[in-house]
Protein chains: 2
Amino acid sequence: MKPTAKHCLLIVDDEPNVCDSVHDLLRREFRVLKANSAQEGYRIMQEEEVHIVMSDQRMSQITGVELLAKVKSKYPRAVRMLFTGFADLESIIAAINQGHIFGFLKKPWQPEELEGAVRLAAEEYDRLTEAAREREELLDVIGSLQRRVTALESQVQRLGGPSATS
Amino acid sequence: MKPTAKHCLLIVDDEPNVCDSVHDLLRREFRVLKANSAQEGYRIMQEEEVHIVMSDQRMSQITGVELLAKVKSKYPRAVRMLFTGFADLESIIAAINQGHIFGFLKKPWQPEELEGAVRLAAEEYDRLTEAAREREELLDVIGSLQRRVTALESQVQRLGGPSATS
């Protein structure tokens, strides 16, 4: 039932070493893509099926909150996380109210904190997409039942039965 | 397609005048229930179908974050909001990570801020429950198609056709 492929995580931070360390820590469990700016991150979102986006708040030009708010409106299924090294209350409140983020991490984090947070986000992604997957299955069942009804109706007609009514 | 009944909002604050003012402001648009403690709020959740829970953070005994985390695990469909008069960064981060809150409001709020936030929460509730409603509809369609197949199969059998196979 569950997709067996790795979840795809996009990490956005203008410090390449942060991206690299997240990549190294999580690459066995996740497909990790790296972006060094919000613009690059958004471009990757357009090209790849990203399941989880984790962005630093403080970046030049476009902030993490702005990126996540844009991601929410264009790719609402991607689970969004914000992190920052600063106790920046206003941006965290904005991240909740505009980006509807799922999780928040303070820098510097412990490896197990990061792993735990990204695993929770992956579970949330699966929960959100489960309904869509089940919907496809139900539509398939409806399609095959409709074909069966059509076939049976022709058979009744061939056998000279009364015209089919339900 | 959309339910026409009012959304039910539960407001939890140990200051009764806050509950009353939210009630008076929103009662035309929402069914507003009031609780003066987390315990009372949780009891109402068990008795009523609450769509949106809005809780103050600072209350005696159980905090807003603790209440919302509990609500999330027992009633995950209820959209959760937190408000506080204090710039309490740690509790806001906990509210995101444990209660997965949808929105945050700072006290004192402007009436239109509150209205806007609760309307967004109601839209989120509808979005989250839309999938469940559509699932019910698809299951109904499957049920009636299955009954139709059964009826047609009996008809084929009565007419002496070959035993039914798909």
# chains A, B, ... in the order shown; residues from 1 in each chain; ligands from 1

$ closest_atom_pairs --of "chain B" --to "chain A" --cutoff "8 Å" --atoms "only C-alpha atoms" --output "CSV"
residue,atom,partner,partner_atom,distance
B:Ala87,CA,A:Leu89,CA,7.3
B:Leu89,CA,A:Leu89,CA,6.1
B:Ile93,CA,A:Phe104,CA,6.5
B:Ile96,CA,A:Gly103,CA,5.9
B:Asn97,CA,A:Gly103,CA,5.1
B:His100,CA,A:Phe102,CA,6.0
B:Ile101,CA,A:Ile96,CA,7.7
B:Phe102,CA,A:His100,CA,6.0
B:Gly103,CA,A:Asn97,CA,5.1
B:Phe104,CA,A:Asn97,CA,6.4
B:Ala131,CA,A:Ala131,CA,6.7
B:Arg135,CA,A:Arg135,CA,6.8
B:Leu138,CA,A:Leu138,CA,6.7
B:Leu139,CA,A:Leu138,CA,7.5
B:Val141,CA,A:Ile142,CA,7.3
B:Ile142,CA,A:Ile142,CA,5.9
B:Leu145,CA,A:Leu145,CA,6.3
B:Gln146,CA,A:Leu145,CA,7.0
B:Arg148,CA,A:Ser166,CA,6.2
B:Val149,CA,A:Val149,CA,5.7
B:Ala151,CA,A:Ser166,CA,7.9
B:Leu152,CA,A:Leu152,CA,6.2
B:Glu153,CA,A:Leu152,CA,7.0
B:Gln155,CA,A:Val156,CA,7.1
B:Val156,CA,A:Val156,CA,5.7
B:Leu159,CA,A:Leu159,CA,6.5
B:Gly160,CA,A:Leu159,CA,8.0
B:Gly161,CA,A:Leu159,CA,6.8
B:Ser166,CA,A:Arg148,CA,6.2

$ select_by_dssp --residues "stretch 19-82 of chain A" --states "alpha helix (DSSP H)" --output "count of residues only"
29

$ closest_atom_pairs --of "stretch 66-109 of chain B" --to "stretch 44-56 of chain B" --cutoff "7 Å" --atoms "only C-alpha atoms" --output "CSV"
residue,atom,partner,partner_atom,distance
B:Ala78,CA,B:His51,CA,4.7
B:Val79,CA,B:Ile52,CA,4.7
B:Arg80,CA,B:Val53,CA,5.0
B:Met81,CA,B:Met54,CA,4.6
B:Leu82,CA,B:Ser55,CA,5.1
B:Phe83,CA,B:Asp56,CA,4.9
B:Thr84,CA,B:Asp56,CA,5.6

$ select_by_dssp --residues "stretch 21-149 of chain A" --states "strand (DSSP E or B)" --output "ChimeraX atom specification"
/A:31-35,52-56,79-84,103-106

$ write_last_selection --atoms "C-alpha atoms" --output "PDB file, in the first residue's frame"
ATOM      1  CA  ARG A  31      16.392  11.409  -1.343  1.00  0.00           C
ATOM      2  CA  VAL A  32      17.924  14.776  -0.361  1.00  0.00           C
ATOM      3  CA  LEU A  33      18.008  17.720  -2.791  1.00  0.00           C
ATOM      4  CA  LYS A  34      19.897  20.904  -1.923  1.00  0.00           C
ATOM      5  CA  ALA A  35      19.264  24.559  -2.790  1.00  0.00           C
ATOM      6  CA  ILE A  52       9.130  17.674   2.293  1.00  0.00           C
ATOM      7  CA  VAL A  53      10.613  21.189   2.099  1.00  0.00           C
ATOM      8  CA  MET A  54      12.825  22.394   4.906  1.00  0.00           C
ATOM      9  CA  SER A  55      13.987  25.990   4.655  1.00  0.00           C
ATOM     10  CA  ASP A  56      16.159  28.356   6.648  1.00  0.00           C
ATOM     11  CA  VAL A  79       5.036  19.219   3.997  1.00  0.00           C
ATOM     12  CA  ARG A  80       6.756  22.430   5.072  1.00  0.00           C
ATOM     13  CA  MET A  81       9.342  22.982   7.813  1.00  0.00           C
ATOM     14  CA  LEU A  82      11.207  26.104   8.884  1.00  0.00           C
ATOM     15  CA  PHE A  83      14.433  26.456  10.819  1.00  0.00           C
ATOM     16  CA  THR A  84      16.368  29.412  12.083  1.00  0.00           C
ATOM     17  CA  GLY A 103       7.392  21.718  12.027  1.00  0.00           C
ATOM     18  CA  PHE A 104       9.985  24.116  13.340  1.00  0.00           C
ATOM     19  CA  LEU A 105      13.646  23.493  14.231  1.00  0.00           C
ATOM     20  CA  LYS A 106      16.120  25.710  16.025  1.00  0.00           C
TER      21      LYS A 106
END

$ atom_distance --atom1 "atom CA of B:Asp20" --atom2 "atom CA of B:Tyr125"
23.4 Å

$ atom_distance --atom1 "atom CA of A:Leu26" --atom2 "atom CA of A:Gly116"
10.8 Å

$ atom_distance --atom1 "atom CA of A:Asp126" --atom2 "atom CA of A:His7"
9.4 Å

$ residues_around --residues "B:Asn36" --least-positions-apart "5" --cutoff "12 Å" --atoms "only C-alpha atoms" --output "ChimeraX atom specification"
/B:10-20,41-44,54-56,58-64

$ decode --residues "stretch 22-71 of chain A" --atoms "N, CA and C atoms" --output "compact mmCIF listing (two decimals), in the first residue's frame"
# COMPACT_ATOMS: atom_id res chain seq x y z
N VAL A 22 22.98 18.11 6.23
CA VAL A 22 21.66 17.46 6.20
C VAL A 22 21.68 16.32 5.19
N HIS A 23 22.26 16.59 4.04
CA HIS A 23 22.34 15.56 3.00
C HIS A 23 23.06 14.32 3.52
N ASP A 24 24.23 14.55 4.15
CA ASP A 24 25.04 13.42 4.61
C ASP A 24 24.32 12.62 5.70
N LEU A 25 23.62 13.35 6.56
CA LEU A 25 22.94 12.67 7.67
C LEU A 25 21.74 11.85 7.21
N LEU A 26 21.01 12.35 6.20
CA LEU A 26 19.71 11.75 5.87
C LEU A 26 19.69 10.98 4.55
N ARG A 27 20.81 10.97 3.82
CA ARG A 27 20.74 10.45 2.45
C ARG A 27 20.43 8.96 2.37
N ARG A 28 20.72 8.22 3.42
CA ARG A 28 20.38 6.80 3.37
C ARG A 28 18.87 6.58 3.44
N GLU A 29 18.20 7.46 4.19
CA GLU A 29 16.76 7.27 4.44
C GLU A 29 15.89 8.09 3.47
N PHE A 30 16.44 9.20 2.96
CA PHE A 30 15.66 10.10 2.11
C PHE A 30 16.45 10.44 0.85
N ARG A 31 15.73 10.81 -0.19
CA ARG A 31 16.39 11.41 -1.34
C ARG A 31 16.51 12.90 -1.00
N VAL A 32 17.74 13.40 -0.83
CA VAL A 32 17.92 14.78 -0.36
C VAL A 32 18.39 15.67 -1.51
N LEU A 33 17.62 16.73 -1.80
CA LEU A 33 18.01 17.72 -2.79
C LEU A 33 18.41 19.00 -2.05
N LYS A 34 19.38 19.72 -2.61
CA LYS A 34 19.90 20.90 -1.92
C LYS A 34 19.71 22.16 -2.77
N ALA A 35 19.35 23.27 -2.10
CA ALA A 35 19.26 24.56 -2.79
C ALA A 35 19.89 25.61 -1.90
N ASN A 36 20.64 26.54 -2.51
CA ASN A 36 21.32 27.58 -1.71
C ASN A 36 20.58 28.91 -1.71
N SER A 37 19.38 28.93 -2.26
CA SER A 37 18.56 30.15 -2.19
C SER A 37 17.11 29.73 -2.38
N ALA A 38 16.21 30.65 -1.98
CA ALA A 38 14.78 30.37 -2.15
C ALA A 38 14.45 30.20 -3.64
N GLN A 39 15.08 31.03 -4.48
CA GLN A 39 14.83 30.94 -5.93
C GLN A 39 15.20 29.56 -6.46
N GLU A 40 16.39 29.09 -6.06
CA GLU A 40 16.84 27.77 -6.53
C GLU A 40 15.91 26.68 -5.98
N GLY A 41 15.50 26.85 -4.72
CA GLY A 41 14.58 25.88 -4.12
C GLY A 41 13.27 25.82 -4.88
N TYR A 42 12.74 26.99 -5.23
CA TYR A 42 11.46 27.02 -5.92
C TYR A 42 11.58 26.40 -7.32
N ARG A 43 12.73 26.62 -7.96
CA ARG A 43 12.96 26.02 -9.29
C ARG A 43 12.96 24.49 -9.18
N ILE A 44 13.63 23.98 -8.14
CA ILE A 44 13.66 22.52 -7.94
C ILE A 44 12.25 21.97 -7.70
N MET A 45 11.44 22.73 -6.93
CA MET A 45 10.05 22.30 -6.69
C MET A 45 9.29 22.10 -8.00
N GLN A 46 9.60 22.97 -9.00
CA GLN A 46 8.90 22.87 -10.27
C GLN A 46 9.35 21.66 -11.08
N GLU A 47 10.58 21.22 -10.83
CA GLU A 47 11.16 20.15 -11.65
C GLU A 47 11.05 18.76 -11.03
N GLU A 48 10.98 18.70 -9.71
CA GLU A 48 11.03 17.41 -9.02
C GLU A 48 9.79 17.23 -8.16
N GLU A 49 9.45 15.98 -7.86
CA GLU A 49 8.34 15.75 -6.94
C GLU A 49 8.90 15.75 -5.53
N VAL A 50 8.81 16.91 -4.88
CA VAL A 50 9.36 17.07 -3.54
C VAL A 50 8.25 16.80 -2.51
N HIS A 51 8.55 15.97 -1.52
CA HIS A 51 7.54 15.62 -0.50
C HIS A 51 7.65 16.49 0.74
N ILE A 52 8.88 16.88 1.08
CA ILE A 52 9.13 17.67 2.29
C ILE A 52 10.07 18.82 1.93
N VAL A 53 9.72 20.04 2.32
CA VAL A 53 10.61 21.19 2.10
C VAL A 53 11.02 21.74 3.45
N MET A 54 12.32 21.89 3.65
CA MET A 54 12.82 22.39 4.91
C MET A 54 13.68 23.60 4.55
N SER A 55 13.28 24.78 5.07
CA SER A 55 13.99 25.99 4.65
C SER A 55 14.49 26.78 5.85
N ASP A 56 15.67 27.37 5.69
CA ASP A 56 16.16 28.36 6.65
C ASP A 56 15.30 29.61 6.49
N GLN A 57 15.12 30.35 7.59
CA GLN A 57 14.35 31.60 7.51
C GLN A 57 15.19 32.72 6.91
N ARG A 58 16.43 32.91 7.46
CA ARG A 58 17.21 34.08 7.07
C ARG A 58 18.06 33.81 5.84
N MET A 59 17.59 34.29 4.71
CA MET A 59 18.37 34.19 3.48
C MET A 59 18.23 35.53 2.77
N SER A 60 19.19 35.86 1.93
CA SER A 60 19.12 37.15 1.24
C SER A 60 17.97 37.11 0.23
N GLN A 61 17.42 38.24 -0.09
CA GLN A 61 16.31 38.40 -1.03
C GLN A 61 15.00 37.79 -0.52
N ILE A 62 14.82 36.47 -0.67
CA ILE A 62 13.54 35.86 -0.28
C ILE A 62 13.75 35.07 1.01
N THR A 63 12.88 35.30 2.01
CA THR A 63 13.03 34.58 3.28
C THR A 63 12.40 33.19 3.19
N GLY A 64 12.70 32.40 4.21
CA GLY A 64 12.10 31.06 4.29
C GLY A 64 10.58 31.12 4.35
N VAL A 65 10.04 32.06 5.14
CA VAL A 65 8.58 32.18 5.26
C VAL A 65 7.96 32.49 3.90
N GLU A 66 8.58 33.42 3.16
CA GLU A 66 8.04 33.76 1.84
C GLU A 66 8.07 32.55 0.91
N LEU A 67 9.19 31.82 0.95
CA LEU A 67 9.29 30.62 0.11
C LEU A 67 8.20 29.62 0.49
N LEU A 68 8.03 29.36 1.79
CA LEU A 68 7.09 28.33 2.23
C LEU A 68 5.64 28.74 1.95
N ALA A 69 5.35 30.05 2.04
CA ALA A 69 3.99 30.50 1.72
C ALA A 69 3.70 30.25 0.23
N LYS A 70 4.71 30.49 -0.61
CA LYS A 70 4.56 30.25 -2.06
C LYS A 70 4.42 28.75 -2.34
N VAL A 71 5.23 27.96 -1.65
CA VAL A 71 5.16 26.49 -1.81
C VAL A 71 3.77 26.01 -1.39
